[in-house]
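Okay, input04.cif is below, mmCIF, C-alpha atoms:
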data_target
#
loop_
_atom_site.group_PDB
_atom_site.id
_atom_site.type_symbol
_atom_site.label_atom_id
_atom_site.label_comp_id
_atom_site.auth_asym_id
_atom_site.auth_seq_id
_atom_site.Cartn_x
_atom_site.Cartn_y
_atom_site.Cartn_z
ATOM 1 C CA MET Z 363 -45.034 -53.405 31.760
ATOM 2 C CA THR Z 364 -42.226 -51.314 30.371
ATOM 3 C CA GLU Z 365 -41.650 -50.131 33.935
ATOM 4 C CA SER Z 366 -40.372 -53.510 35.075
ATOM 5 C CA PHE Z 367 -37.927 -53.526 32.189
ATOM 6 C CA ILE Z 368 -36.676 -50.031 32.959
ATOM 7 C CA ASP Z 369 -36.522 -50.828 36.664
ATOM 8 C CA ASN Z 370 -34.465 -53.862 35.838
ATOM 9 C CA ASP Z 371 -32.050 -54.618 38.615
ATOM 10 C CA GLN Z 372 -30.718 -57.537 36.640
ATOM 11 C CA PRO Z 373 -27.198 -57.391 35.249
ATOM 12 C CA PRO Z 374 -26.848 -56.966 31.482
ATOM 13 C CA GLY Z 375 -27.020 -60.311 29.660
ATOM 14 C CA ASP Z 376 -23.409 -60.351 28.511
ATOM 15 C CA PRO Z 377 -20.449 -57.956 28.120
ATOM 16 C CA ALA Z 378 -21.516 -57.012 24.581
ATOM 17 C CA GLU Z 379 -24.930 -55.975 25.854
ATOM 18 C CA ALA Z 380 -23.370 -54.014 28.720
ATOM 19 C CA LEU Z 381 -21.167 -52.118 26.288
ATOM 20 C CA ARG Z 382 -24.113 -51.445 23.959
ATOM 21 C CA LEU Z 383 -26.147 -50.155 26.922
ATOM 22 C CA ILE Z 384 -23.304 -47.805 27.926
ATOM 23 C CA GLU Z 385 -22.813 -46.466 24.420
ATOM 24 C CA GLU Z 386 -26.525 -45.976 23.735
ATOM 25 C CA GLN Z 387 -27.111 -44.208 27.031
ATOM 26 C CA ARG Z 388 -24.111 -41.916 26.603
ATOM 27 C CA ALA Z 389 -25.185 -41.014 23.072
ATOM 28 C CA ALA Z 390 -28.760 -40.336 24.241
ATOM 29 C CA ALA Z 391 -27.511 -38.167 27.122
ATOM 30 C CA LEU Z 392 -25.171 -36.206 24.842
ATOM 31 C CA ARG Z 393 -28.063 -35.590 22.437
ATOM 32 C CA ARG Z 394 -30.484 -34.468 25.120
ATOM 33 C CA ILE Z 395 -28.325 -32.631 27.659
ATOM 34 C CA HIS Z 396 -25.937 -30.909 25.281
ATOM 35 C CA VAL Z 397 -27.346 -28.587 22.617
ATOM 36 C CA ASP Z 398 -26.672 -28.981 18.919
ATOM 37 C CA ASP Z 399 -23.510 -27.004 18.099
ATOM 38 C CA ARG Z 400 -25.141 -25.535 14.990
ATOM 39 C CA TRP Z 401 -27.209 -23.283 17.255
ATOM 40 C CA TRP Z 402 -23.976 -21.568 18.295
ATOM 41 C CA TYR Z 403 -22.398 -21.070 14.872
ATOM 42 C CA TRP Z 404 -25.058 -20.841 12.185
ATOM 43 C CA PRO Z 405 -26.829 -17.640 13.324
ATOM 44 C CA TRP Z 406 -23.455 -15.820 13.212
ATOM 45 C CA GLY Z 407 -22.327 -17.498 10.013
ATOM 46 C CA PHE Z 408 -25.519 -16.585 8.146
ATOM 47 C CA ALA Z 409 -25.515 -13.052 9.600
ATOM 48 C CA TRP Z 410 -22.010 -12.512 8.181
ATOM 49 C CA LEU Z 411 -22.743 -14.233 4.890
ATOM 50 C CA ILE Z 412 -25.948 -12.257 4.196
ATOM 51 C CA GLY Z 413 -24.967 -8.949 5.841
ATOM 52 C CA PHE Z 414 -21.491 -8.633 4.335
ATOM 53 C CA GLY Z 415 -22.774 -10.122 1.072
ATOM 54 C CA LEU Z 416 -25.237 -7.218 0.755
ATOM 55 C CA ILE Z 417 -22.530 -4.694 1.717
ATOM 56 C CA PHE Z 418 -20.305 -6.084 -1.039
ATOM 57 C CA LEU Z 419 -23.124 -5.910 -3.609
ATOM 58 C CA ARG Z 420 -23.950 -2.297 -2.696
ATOM 59 C CA ASN Z 421 -20.434 -0.980 -1.942
ATOM 60 C CA GLY Z 422 -18.076 -3.029 -4.090
ATOM 61 C CA PRO Z 423 -14.359 -2.390 -4.602
ATOM 62 C CA ASP Z 424 -13.486 1.083 -6.034
ATOM 63 C CA GLY Z 425 -17.007 2.345 -5.409
ATOM 64 C CA ARG Z 426 -18.614 -0.139 -7.783
ATOM 65 C CA VAL Z 427 -22.336 -0.861 -7.254
ATOM 66 C CA PHE Z 428 -23.295 -4.386 -8.307
ATOM 67 C CA VAL Z 429 -26.879 -4.150 -7.060
ATOM 68 C CA ASP Z 430 -28.439 -0.742 -6.518
ATOM 69 C CA LEU Z 431 -29.840 -1.292 -3.018
ATOM 70 C CA PRO Z 432 -30.779 1.649 -0.770
ATOM 71 C CA GLN Z 433 -27.547 2.862 0.880
ATOM 72 C CA TRP Z 434 -28.793 2.150 4.430
ATOM 73 C CA LEU Z 435 -30.095 -1.365 3.789
ATOM 74 C CA PRO Z 436 -26.948 -3.571 3.868
ATOM 75 C CA VAL Z 437 -25.506 -2.244 7.127
ATOM 76 C CA LEU Z 438 -28.926 -2.238 8.814
ATOM 77 C CA THR Z 439 -29.449 -5.858 7.692
ATOM 78 C CA LEU Z 440 -26.059 -6.840 9.101
ATOM 79 C CA VAL Z 441 -26.722 -5.146 12.439
ATOM 80 C CA VAL Z 442 -30.214 -6.674 12.763
ATOM 81 C CA LEU Z 443 -28.891 -10.165 11.925
ATOM 82 C CA LEU Z 444 -26.014 -9.784 14.400
ATOM 83 C CA VAL Z 445 -28.381 -8.704 17.172
ATOM 84 C CA ALA Z 446 -30.624 -11.686 16.351
ATOM 85 C CA ALA Z 447 -27.587 -13.987 16.463
ATOM 86 C CA GLY Z 448 -26.633 -12.549 19.868
ATOM 87 C CA VAL Z 449 -30.139 -13.211 21.206
ATOM 88 C CA LEU Z 450 -30.079 -16.762 19.818
ATOM 89 C CA SER Z 451 -26.697 -17.370 21.474
ATOM 90 C CA GLY Z 452 -28.173 -16.193 24.776
ATOM 91 C CA ILE Z 453 -31.121 -18.571 24.411
ATOM 92 C CA THR Z 454 -28.786 -21.407 23.400
ATOM 93 C CA GLY Z 455 -26.636 -20.725 26.454
ATOM 94 C CA ALA Z 456 -29.678 -20.820 28.718
ATOM 95 C CA ARG Z 457 -30.760 -24.121 27.165
ATOM 96 C CA ALA Z 458 -27.276 -25.605 27.332
ATOM 97 C CA TYR Z 459 -26.679 -24.719 30.955
ATOM 98 C CA GLY Z 460 -30.255 -24.484 32.214
ATOM 99 C CA SER Z 461 -30.424 -27.965 33.704
ATOM 100 C CA VAL Z 462 -26.748 -28.477 34.411
ATOM 101 C CA VAL Z 463 -25.155 -26.459 37.189
ATOM 102 C CA GLY Z 464 -21.556 -26.295 38.348
ATOM 103 C CA ASP Z 465 -18.259 -25.565 36.647
ATOM 104 C CA SER Z 466 -19.586 -25.727 33.066
ATOM 105 C CA SER Z 467 -22.406 -23.293 33.645
ATOM 106 C CA ARG Z 468 -20.064 -20.886 35.438
ATOM 107 C CA ARG Z 469 -17.602 -21.105 32.575
ATOM 108 C CA GLY Z 470 -20.420 -20.528 30.080
ATOM 109 C CA ALA Z 471 -21.801 -17.561 32.029
ATOM 110 C CA TYR Z 472 -18.389 -15.875 32.376
ATOM 111 C CA TYR Z 473 -17.721 -16.442 28.684
ATOM 112 C CA GLY Z 474 -21.108 -14.965 27.764
ATOM 113 C CA TRP Z 475 -20.391 -11.895 29.912
ATOM 114 C CA ALA Z 476 -16.957 -11.523 28.322
ATOM 115 C CA TRP Z 477 -18.613 -11.278 24.883
ATOM 116 C CA SER Z 478 -21.215 -8.733 25.995
ATOM 117 C CA ILE Z 479 -18.750 -6.518 27.864
ATOM 118 C CA ALA Z 480 -16.066 -6.633 25.157
ATOM 119 C CA PHE Z 481 -18.551 -5.743 22.396
ATOM 120 C CA THR Z 482 -20.165 -2.987 24.413
ATOM 121 C CA GLY Z 483 -16.729 -1.495 25.042
ATOM 122 C CA ALA Z 484 -15.699 -1.675 21.382
ATOM 123 C CA THR Z 485 -19.025 -0.140 20.297
ATOM 124 C CA VAL Z 486 -18.570 2.833 22.639
ATOM 125 C CA ILE Z 487 -15.040 3.443 21.298
ATOM 126 C CA LEU Z 488 -16.124 3.227 17.656
ATOM 127 C CA VAL Z 489 -19.165 5.473 18.123
ATOM 128 C CA ARG Z 490 -16.812 8.032 19.699
ATOM 129 C CA VAL Z 491 -14.401 8.085 16.722
ATOM 130 C CA ASN Z 492 -16.895 7.308 13.945
ATOM 131 C CA ASP Z 493 -17.390 10.889 12.733
ATOM 132 C CA ALA Z 494 -13.651 11.438 12.468
ATOM 133 C CA LEU Z 495 -13.233 8.465 10.109
ATOM 134 C CA PRO Z 496 -13.219 8.919 6.321
ATOM 135 C CA LEU Z 497 -16.525 7.659 4.865
ATOM 136 C CA ASP Z 498 -15.009 4.837 2.850
ATOM 137 C CA LEU Z 499 -13.206 3.435 5.885
ATOM 138 C CA ARG Z 500 -16.116 3.421 8.337
ATOM 139 C CA THR Z 501 -17.561 0.023 7.460
ATOM 140 C CA LEU Z 502 -14.062 -1.457 7.258
ATOM 141 C CA VAL Z 503 -12.970 -0.183 10.688
ATOM 142 C CA TRP Z 504 -16.230 -1.204 12.380
ATOM 143 C CA SER Z 505 -16.279 -4.704 10.989
ATOM 144 C CA ALA Z 506 -12.532 -5.293 11.349
ATOM 145 C CA THR Z 507 -12.572 -4.262 15.029
ATOM 146 C CA MET Z 508 -15.582 -6.420 15.851
ATOM 147 C CA THR Z 509 -14.197 -9.355 13.885
ATOM 148 C CA ALA Z 510 -10.814 -9.096 15.626
ATOM 149 C CA LEU Z 511 -12.670 -9.298 18.949
ATOM 150 C CA THR Z 512 -14.708 -12.271 17.712
ATOM 151 C CA GLY Z 513 -11.552 -14.089 16.618
ATOM 152 C CA ALA Z 514 -9.846 -13.430 19.952
ATOM 153 C CA LEU Z 515 -12.858 -14.641 21.952
ATOM 154 C CA HIS Z 516 -13.084 -17.842 19.888
ATOM 155 C CA MET Z 517 -9.396 -18.519 20.531
ATOM 156 C CA ALA Z 518 -10.007 -17.869 24.236
ATOM 157 C CA GLY Z 519 -12.969 -20.299 24.078
ATOM 158 C CA GLY Z 520 -10.636 -22.913 22.646
ATOM 159 C CA ALA Z 521 -8.314 -22.325 25.602
ATOM 160 C CA ILE Z 522 -11.136 -22.508 28.168
ATOM 161 C CA TRP Z 523 -12.648 -25.765 26.876
ATOM 162 C CA LEU Z 524 -9.364 -27.164 25.500
ATOM 163 C CA ASN Z 525 -11.157 -27.445 22.167
ATOM 164 C CA ARG Z 526 -8.697 -27.412 19.300
ATOM 165 C CA THR Z 527 -11.271 -26.825 16.551
ATOM 166 C CA LEU Z 528 -12.782 -23.837 18.355
ATOM 167 C CA PHE Z 529 -9.288 -22.391 18.705
ATOM 168 C CA GLN Z 530 -8.630 -23.020 15.020
ATOM 169 C CA LEU Z 531 -11.877 -21.245 14.119
ATOM 170 C CA GLY Z 532 -10.621 -18.237 16.107
ATOM 171 C CA VAL Z 533 -7.311 -18.296 14.237
ATOM 172 C CA TRP Z 534 -9.174 -18.584 10.907
ATOM 173 C CA ILE Z 535 -11.418 -15.603 11.720
ATOM 174 C CA SER Z 536 -8.389 -13.528 12.794
ATOM 175 C CA VAL Z 537 -6.405 -14.337 9.639
ATOM 176 C CA VAL Z 538 -9.387 -13.735 7.325
ATOM 177 C CA ASN Z 539 -10.018 -10.438 9.098
ATOM 178 C CA VAL Z 540 -6.469 -9.201 8.486
ATOM 179 C CA ALA Z 541 -6.683 -10.348 4.849
ATOM 180 C CA GLY Z 542 -9.881 -8.316 4.469
ATOM 181 C CA VAL Z 543 -8.290 -5.195 5.943
ATOM 182 C CA VAL Z 544 -5.263 -5.541 3.638
ATOM 183 C CA ALA Z 545 -7.542 -6.056 0.614
ATOM 184 C CA GLY Z 546 -9.381 -2.832 1.462
ATOM 185 C CA PRO Z 547 -12.995 -1.592 1.358
ATOM 186 C CA GLY Z 548 -15.304 -3.595 -0.871
ATOM 187 C CA TRP Z 549 -13.122 -6.677 -1.050
ATOM 188 C CA GLN Z 550 -13.193 -6.880 2.713
ATOM 189 C CA ALA Z 551 -16.976 -7.344 2.667
ATOM 190 C CA LEU Z 552 -16.662 -10.158 0.123
ATOM 191 C CA ILE Z 553 -13.920 -11.885 2.142
ATOM 192 C CA MET Z 554 -15.948 -11.531 5.354
ATOM 193 C CA ALA Z 555 -19.101 -12.912 3.714
ATOM 194 C CA VAL Z 556 -17.515 -15.909 2.023
ATOM 195 C CA ALA Z 557 -14.461 -16.833 4.107
ATOM 196 C CA ALA Z 558 -15.577 -15.789 7.601
ATOM 197 C CA GLY Z 559 -19.361 -16.322 7.271
ATOM 198 C CA GLY Z 560 -19.030 -19.390 5.072
ATOM 199 C CA GLY Z 561 -16.241 -20.738 7.273
ATOM 200 C CA MET Z 562 -18.430 -20.356 10.365
ATOM 201 C CA ILE Z 563 -21.283 -22.259 8.677
ATOM 202 C CA VAL Z 564 -18.981 -25.082 7.584
ATOM 203 C CA PHE Z 565 -17.450 -25.208 11.068
ATOM 204 C CA GLY Z 566 -20.929 -25.384 12.641
ATOM 205 C CA ALA Z 567 -21.888 -28.265 10.364
ATOM 206 C CA PHE Z 568 -18.929 -30.354 11.481
ATOM 207 C CA ALA Z 569 -18.373 -29.137 15.055
ATOM 208 C CA GLY Z 570 -20.777 -31.654 16.620
ATOM 209 C CA ARG Z 571 -19.179 -34.560 14.839
ATOM 210 C CA TRP Z 572 -15.680 -33.390 15.745
ATOM 211 C CA ARG Z 573 -16.605 -32.933 19.373
ATOM 212 C CA ARG Z 574 -18.019 -36.416 19.715
ATOM 213 C CA HIS Z 575 -14.768 -37.842 18.363
ATOM 214 C CA ASP Z 576 -12.525 -35.723 20.602
ATOM 215 C CA MET W 1393 -14.998 -66.228 32.563
ATOM 216 C CA THR W 1394 -13.256 -63.452 34.448
ATOM 217 C CA ASP W 1395 -10.871 -63.256 37.368
ATOM 218 C CA ALA W 1396 -12.257 -60.136 39.070
ATOM 219 C CA PRO W 1397 -16.039 -59.921 39.350
ATOM 220 C CA LEU W 1398 -17.691 -56.856 37.801
ATOM 221 C CA ASP W 1399 -18.654 -54.081 40.223
ATOM 222 C CA PRO W 1400 -22.076 -55.238 41.521
ATOM 223 C CA VAL W 1401 -23.269 -51.670 42.136
ATOM 224 C CA ILE W 1402 -23.000 -50.735 38.455
ATOM 225 C CA HIS W 1403 -23.560 -54.223 37.067
ATOM 226 C CA ALA W 1404 -27.339 -53.728 36.930
ATOM 227 C CA GLN W 1405 -29.039 -52.368 33.842
ATOM 228 C CA ALA W 1406 -30.778 -49.380 35.425
ATOM 229 C CA ARG W 1407 -27.802 -48.186 37.459
ATOM 230 C CA LEU W 1408 -25.431 -48.716 34.555
ATOM 231 C CA ARG W 1409 -27.628 -46.394 32.482
ATOM 232 C CA VAL W 1410 -27.732 -43.800 35.287
ATOM 233 C CA VAL W 1411 -23.952 -43.790 35.624
ATOM 234 C CA ALA W 1412 -23.392 -43.773 31.833
ATOM 235 C CA ALA W 1413 -25.668 -40.725 31.456
ATOM 236 C CA LEU W 1414 -23.989 -38.898 34.365
ATOM 237 C CA SER W 1415 -20.554 -39.639 32.893
ATOM 238 C CA THR W 1416 -21.298 -37.240 30.015
ATOM 239 C CA LEU W 1417 -21.325 -34.305 32.455
ATOM 240 C CA GLY W 1418 -18.098 -32.411 32.984
ATOM 241 C CA ALA W 1419 -16.258 -32.889 36.285
ATOM 242 C CA GLY W 1420 -17.742 -30.501 38.830
ATOM 243 C CA ASP W 1421 -21.144 -30.396 37.074
ATOM 244 C CA GLN W 1422 -24.510 -31.361 38.518
ATOM 245 C CA ILE W 1423 -27.774 -32.080 36.733
ATOM 246 C CA ALA W 1424 -31.284 -31.364 38.004
ATOM 247 C CA PHE W 1425 -33.213 -34.498 39.007
ATOM 248 C CA PRO W 1426 -36.188 -33.982 36.621
ATOM 249 C CA ARG W 1427 -33.807 -33.464 33.695
ATOM 250 C CA LEU W 1428 -31.928 -36.665 34.480
ATOM 251 C CA GLN W 1429 -35.231 -38.489 34.833
ATOM 252 C CA ASP W 1430 -36.252 -37.163 31.422
ATOM 253 C CA VAL W 1431 -32.974 -38.248 29.803
ATOM 254 C CA LEU W 1432 -33.276 -41.755 31.261
ATOM 255 C CA SER W 1433 -37.077 -42.108 30.812
ATOM 256 C CA MET W 1434 -37.441 -43.414 34.363
ATOM 257 C CA THR W 1435 -40.169 -42.667 36.892
ATOM 258 C CA PRO W 1436 -39.155 -40.462 39.854
ATOM 259 C CA GLY W 1437 -39.591 -43.314 42.336
ATOM 260 C CA ASN W 1438 -37.551 -45.637 40.235
ATOM 261 C CA LEU W 1439 -34.711 -43.239 39.714
ATOM 262 C CA SER W 1440 -34.674 -42.350 43.436
ATOM 263 C CA VAL W 1441 -34.234 -45.986 44.412
ATOM 264 C CA HIS W 1442 -31.258 -46.445 42.109
ATOM 265 C CA LEU W 1443 -29.722 -43.121 43.039
ATOM 266 C CA ARG W 1444 -29.910 -44.065 46.708
ATOM 267 C CA LYS W 1445 -27.982 -47.271 46.025
ATOM 268 C CA LEU W 1446 -25.388 -45.343 44.040
ATOM 269 C CA GLU W 1447 -25.180 -42.722 46.775
ATOM 270 C CA ASP W 1448 -24.669 -45.417 49.439
ATOM 271 C CA ALA W 1449 -21.734 -46.721 47.392
ATOM 272 C CA GLY W 1450 -20.303 -43.191 47.194
ATOM 273 C CA TYR W 1451 -20.697 -43.092 43.395
ATOM 274 C CA VAL W 1452 -23.108 -40.176 43.174
ATOM 275 C CA GLU W 1453 -23.597 -37.070 45.225
ATOM 276 C CA ILE W 1454 -27.086 -35.682 45.782
ATOM 277 C CA THR W 1455 -27.473 -32.055 46.757
ATOM 278 C CA LYS W 1456 -30.784 -30.607 47.893
ATOM 279 C CA THR W 1457 -30.966 -26.862 47.470
ATOM 280 C CA HIS W 1458 -33.358 -24.071 46.556
ATOM 281 C CA ARG W 1459 -33.682 -21.981 43.429
ATOM 282 C CA GLY W 1460 -35.768 -19.072 44.664
ATOM 283 C CA ARG W 1461 -38.483 -20.846 46.660
ATOM 284 C CA THR W 1462 -38.514 -24.030 44.618
ATOM 285 C CA PRO W 1463 -36.604 -26.961 46.058
ATOM 286 C CA VAL W 1464 -34.108 -28.401 43.589
ATOM 287 C CA THR W 1465 -32.364 -31.765 43.749
ATOM 288 C CA LEU W 1466 -29.039 -31.924 41.953
ATOM 289 C CA VAL W 1467 -27.208 -35.091 41.018
ATOM 290 C CA ALA W 1468 -23.521 -35.497 40.206
ATOM 291 C CA LEU W 1469 -21.148 -38.361 39.612
ATOM 292 C CA THR W 1470 -18.402 -38.386 42.255
ATOM 293 C CA HIS W 1471 -14.758 -38.912 41.385
ATOM 294 C CA ARG W 1472 -15.079 -42.395 42.841
ATOM 295 C CA GLY W 1473 -18.169 -43.053 40.707
ATOM 296 C CA ARG W 1474 -16.384 -41.934 37.552
ATOM 297 C CA MET W 1475 -13.419 -44.202 38.344
ATOM 298 C CA ALA W 1476 -15.775 -47.126 38.978
ATOM 299 C CA PHE W 1477 -17.576 -46.491 35.682
ATOM 300 C CA GLU W 1478 -14.300 -46.298 33.753
ATOM 301 C CA GLU W 1479 -13.060 -49.459 35.410
ATOM 302 C CA TYR W 1480 -16.331 -51.249 34.626
ATOM 303 C CA THR W 1481 -16.202 -50.145 30.971
ATOM 304 C CA ALA W 1482 -12.576 -51.285 30.698
ATOM 305 C CA SER W 1483 -13.413 -54.698 32.248
ATOM 306 C CA VAL W 1484 -16.329 -55.189 29.858
ATOM 307 C CA ARG W 1485 -14.135 -54.295 26.884
ATOM 308 C CA ALA W 1486 -11.468 -56.701 28.116
ATOM 309 C CA LEU W 1487 -14.059 -59.481 28.326
ATOM 310 C CA LEU W 1488 -14.980 -58.855 24.702
ATOM 311 C CA GLN W 1489 -11.430 -59.378 23.478
ATOM 312 C CA PRO W 1490 -10.680 -62.787 22.003
ATOM 313 C CA PRO W 1491 -9.288 -65.087 24.767
ATOM 314 C CA ASP W 1492 -5.900 -65.601 23.093
ATOM 315 C CA ILE W 1493 -5.106 -61.891 23.439
ATOM 316 C CA LYS W 1494 -5.850 -61.903 27.140
ATOM 317 C CA GLU W 1495 -2.974 -62.543 29.451
ATOM 318 C CA LYS W 1496 -3.033 -65.895 31.215
ATOM 319 C CA THR W 1497 -2.102 -65.739 34.847
#
Could you render the structure from this file as structure tokens?
Amino acid sequence: MTESFIDNDQPPGDPAEALRLIEEQRAAALRRIHVDDRWWYWPWGFAWLIGFGLIFLRNGPDGRVFVDLPQWLPVLTLVVLLVAAGVLSGITGARAYGSVVGDSSRRGAYYGWAWSIAFTGATVILVRVNDALPLDLRTLVWSATMTALTGALHMAGGAIWLNRTLFQLGVWISVVNVAGVVAGPGWQALIMAVAAGGGMIVFGAFAGRWRRHD
Amino acid sequence: MTDAPLDPVIHAQARLRVVAALSTLGAGDQIAFPRLQDVLSMTPGNLSVHLRKLEDAGYVEITKTHRGRTPVTLVALTHRGRMAFEEYTASVRALLQPPDIKEKT
């Protein structure tokens, strides 16, 4: 007869029980309606960590080769992991907004479109100028442009959802990106792997906890 | 024990849980009925009964629409419902404070 308990029209026994009921139900709803924040950040964080890590090992500073991987492998790995992360973000978005409609899902959909359109645009521009770039600068220009866009969109996300930590992540990505460009080819890949990729993973690990305490 | 009685619409275990779950949605958001039912572990009939009472009080808004050919029922907490829930939570918290902190009128 669990039904009769669930159907209970009776008031909660005392104020403490009422408060416990409220807190438990809110926590359960947050867990089940809202997706785990790690699904947003970890695919990107690991893509950067692994992809740029391999680029650094193959094309280190001053043309050094730490691990003699095939020349095509690191960049291909990065691109494949980034595409996978994009697909996972799409699935996460569908899960997050699939059963909730209204302002949040519209915000989420517009934001998702902003990412797709901005990255498509940047890709077209870079493909157009790619052949004119010196070989050693190609990876740097591609990743710096895309990372600048990523940083800007995270800051915009912070503005849309009034989420300070998301905004701070955007600032962090933007600053790390500039540091990588200043450091130059080779070092940039290391900075992107550790500071940007690692930072994204750390952020993902704590984002859920931060959000619940907002 | 208290001067003002607690809101009788929300002061029932099932409806308190419904309103608490809906309060996690952003303003302007609606949730599909089956999803809400799943979150609350209530039967459809059960949830309908409580939603009707909440709707009569103006605390929730129920929208019946279609997604393609499938009928969809969407549930949202109204502004009034959110205020009532916040007021209820505040009253319950006040009741839990030691009596000497409470103002005597």
Return as a list in words the set of residues that the PyMOL selection byres ((chain W) within 6 of (chain Z)) yields on the displayed structure.
His1403, Ala1404, Gln1405, Ala1406, Arg1409, Ala1412, Ala1413, Gly1420, Asp1421, Gln1422, Ile1423, Ala1424 and Val1484 of chain W
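This file, filtered with the PyMOL selection byres ((chain Z and resi 528) around 9), gives the residues His516, Met517, Ala518, Gly519, Gly520, Ala521, Trp523, Leu524, Asn525, Arg526, Thr527, Phe529, Gln530, Leu531, Gly532, Val533, Phe565 and Ala569 of chain Z.
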Between Z:Thr509, Z:Val427, Z:Pro405, Z:Phe414, single out the one closest to Val449 (chain Z), counting only C-alpha atoms.
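Smallest distance to Val449 (chain Z) is found for Z:Pro405.
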Which one of W:His1458, W:Val1452, W:Pro1397, W:Arg1485 sits closest to Leu1414 (chain W) if you count all atoms listed in the file?
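Among the listed residues, W:Val1452 lies closest to Leu1414 (chain W).
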Have a look at CA of Gly559 (chain Z) and CA of Trp410 (chain Z) and let me know their distance in Å, one decimal.
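One can read the CA of Gly559 (chain Z) to CA of Trp410 (chain Z) distance as 4.7 Å.
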Long-range neighbours of Val556 (chain Z) as a list in words, 12 Å cut-off, all atoms listed in the file, 3 positions minimum in chain:
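Near Val556 (chain Z), the qualifying residues are Gly407, Phe408, Ala409, Trp410, Leu411, Ile412, Gly413, Phe414, Gly415, Leu416, Phe418, Ile535, Val538, Asn539, Gly542, Trp549, Gln550, Ala551, Leu552, Ile553, Gly559, Gly560, Gly561, Met562, Ile563 and Val564 of chain Z.
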Using all atoms listed in the file, which of Z:Leu499, Z:Ile417, Z:Leu488, Z:Ala541 sits nearest Leu431 (chain Z)?
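The shortest atom-to-atom distance to Leu431 (chain Z) comes from Z:Ile417.
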With all atoms listed in the file as the counted atoms, please give the residues lying no more than 10 Å from His1471 (chain W), apart from itself and same-chain residues fewer than 6 positions off, as a list in words.
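Contacts, with the query itself left out: Ala1419, Gly1420, Gly1450, Tyr1451, Val1452, Glu1453 and Phe1477 of chain W.
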Kindly save the residues from that selection, with C-alpha atoms included, as a CSV table (one decimal), keeping the file's coordinate frame.
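Saved file selection_12.csv follows:
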chain,number,residue,atom,x,y,z
W,1419,ALA,CA,-16.3,-32.9,36.3
W,1420,GLY,CA,-17.7,-30.5,38.8
W,1450,GLY,CA,-20.3,-43.2,47.2
W,1451,TYR,CA,-20.7,-43.1,43.4
W,1452,VAL,CA,-23.1,-40.2,43.2
W,1453,GLU,CA,-23.6,-37.1,45.2
W,1477,PHE,CA,-17.6,-46.5,35.7
Surrounding residues of Asp424 (chain Z) excluding itself and chain neighbours under 6 positions, 10 Å, all atoms listed in the file, as a compact mmCIF listing (two decimals) with C-alpha atoms, in the frame of the given file:
# COMPACT_ATOMS: atom_id res chain seq x y z
CA ASP Z 498 -15.01 4.84 2.85
CA GLY Z 546 -9.38 -2.83 1.46
CA PRO Z 547 -13.00 -1.59 1.36
CA GLY Z 548 -15.30 -3.60 -0.87
CA TRP Z 549 -13.12 -6.68 -1.05
Tell me which protein, DNA and RNA residues are within 9 Å of region 1425-1427 of chain W, counting only C-alpha atoms, leaving out same-chain ones fewer than 2 positions away, and put them as a list in words.
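The residues satisfying every condition are Ile395, Ser461 and Val462 of chain Z; Ile1423, Gln1429, Asp1430, Val1431, Leu1432, Pro1436, Leu1439, Val1464, Thr1465, Leu1466 and Val1467 of chain W.
Note that CA of Ser478 (chain Z) and CA of Ala555 (chain Z) are 22.8 Å apart.
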Kindly give the distance, in Å, that separates CA of Thr1435 (chain W) and CA of Arg1407 (chain W), rounded to a single decimal.
13.6 Å
Name all residues at most 10 Å from Ser451 (chain Z) (count all atoms listed in the file; drop same-chain ones fewer than 6 positions away) and give them as a PyMOL selection string.
chain Z and resi 401-403+405-406+445+457+474
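Distance annotation: of W:Tyr1480, W:Arg1472, W:Arg1461, W:Val1411, the residue with the minimal separation from His1442 (chain W) is W:Val1411; atom set is all atoms listed in the file.
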